[in-house]
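Here is the structure we will look at.
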Amino acid sequence: MRYKYFICFIILFIFSACSQTTSQADPTGEEIYLARCAACHGDKLEGKVGPKIGKDSSAWDMPNSYWIQTITMGKGSMPGQTLTDEEVYLIMEYIREGEK
Ligand code: HEC
């Protein structure tokens, strides 16, 4: 009888260990920004090839819909970025939190 409980415990343990590894592997908004946007908009949102997009920029006051459209569809010489909704959301959260 005890043996059965032990097996159950091991299985639960393996499941919880697995789900933890997956969530740790998910990139943060900062990581996605640095990988996908920083080359053109700068590590600190200060702008490079692309305009600055931090707190003191005109883009800052634009609604989320403008950001989502610009990021996913592109704008002018900015190419649209292939990102999931989740990634776009994480990037916007990172940009808005970092500069407040
Ligand atoms: C290849 C370079 C490049 C990359 C990569 C890039 N951008 Fe841009 N981005 C630009 C350029 C150039 C513009 C200006 C487009 C225009 O108005 O003609 C721009 C414009 C924008 C704007 C609008 C700024 C404004 O003043 O209205 C936002 C917001 C923006 N980018 C966010 C992002 C985000 C977030 C990422 C990463 C997912 C990203 N960009 C990736 C080059 C880039």
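Following the order of the structure tokens, first chain is A, next is B, and so on, with residues numbered from 1 inside each chain and ligands from 1 in the order they appear.
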(request) Give the strand (DSSP E) residues of region 31-100 of chain A, as assigned by DSSP on the backbone, as a list in words. (result) Gly74, Lys75, Met78 and Pro79 of chain A
(request) Please check which protein, DNA or RNA residues sit within 9 Å of ligand 1, counting only C-alpha atoms and all ligand atoms, and write them as a PyMOL selection string. (result) chain A and resi 32-41+47-53+57-60+62+66-72+74-83+87-88+91-92+95
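From CA of Ser65 (chain A) back to CA of Gly29 (chain A), the distance works out to 17.8 Å.
The nearest approach to Thr28 (chain A) among the residues A:Leu90, A:Lys44, A:Glu97, A:Tyr3, with only C-alpha atoms taken into account, belongs to A:Leu90.
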(request) as a PyMOL selection string, list the residues of region 9-94 of chain A assigned to helix (DSSP H, G or I) by DSSP on the backbone atoms of this structure. (result) chain A and resi 9-25+29-36+38-41+59-61+64-73+85-94
(message) Let me make sure I understand: among A:Lys55, A:Pro63, A:Lys4, A:Met73, which one has the smallest atom-to-atom distance to Arg96 (chain A) if we use only C-alpha atoms?
(response)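 When distances to Arg96 (chain A) are compared using only C-alpha atoms, the smallest one comes from A:Lys55.
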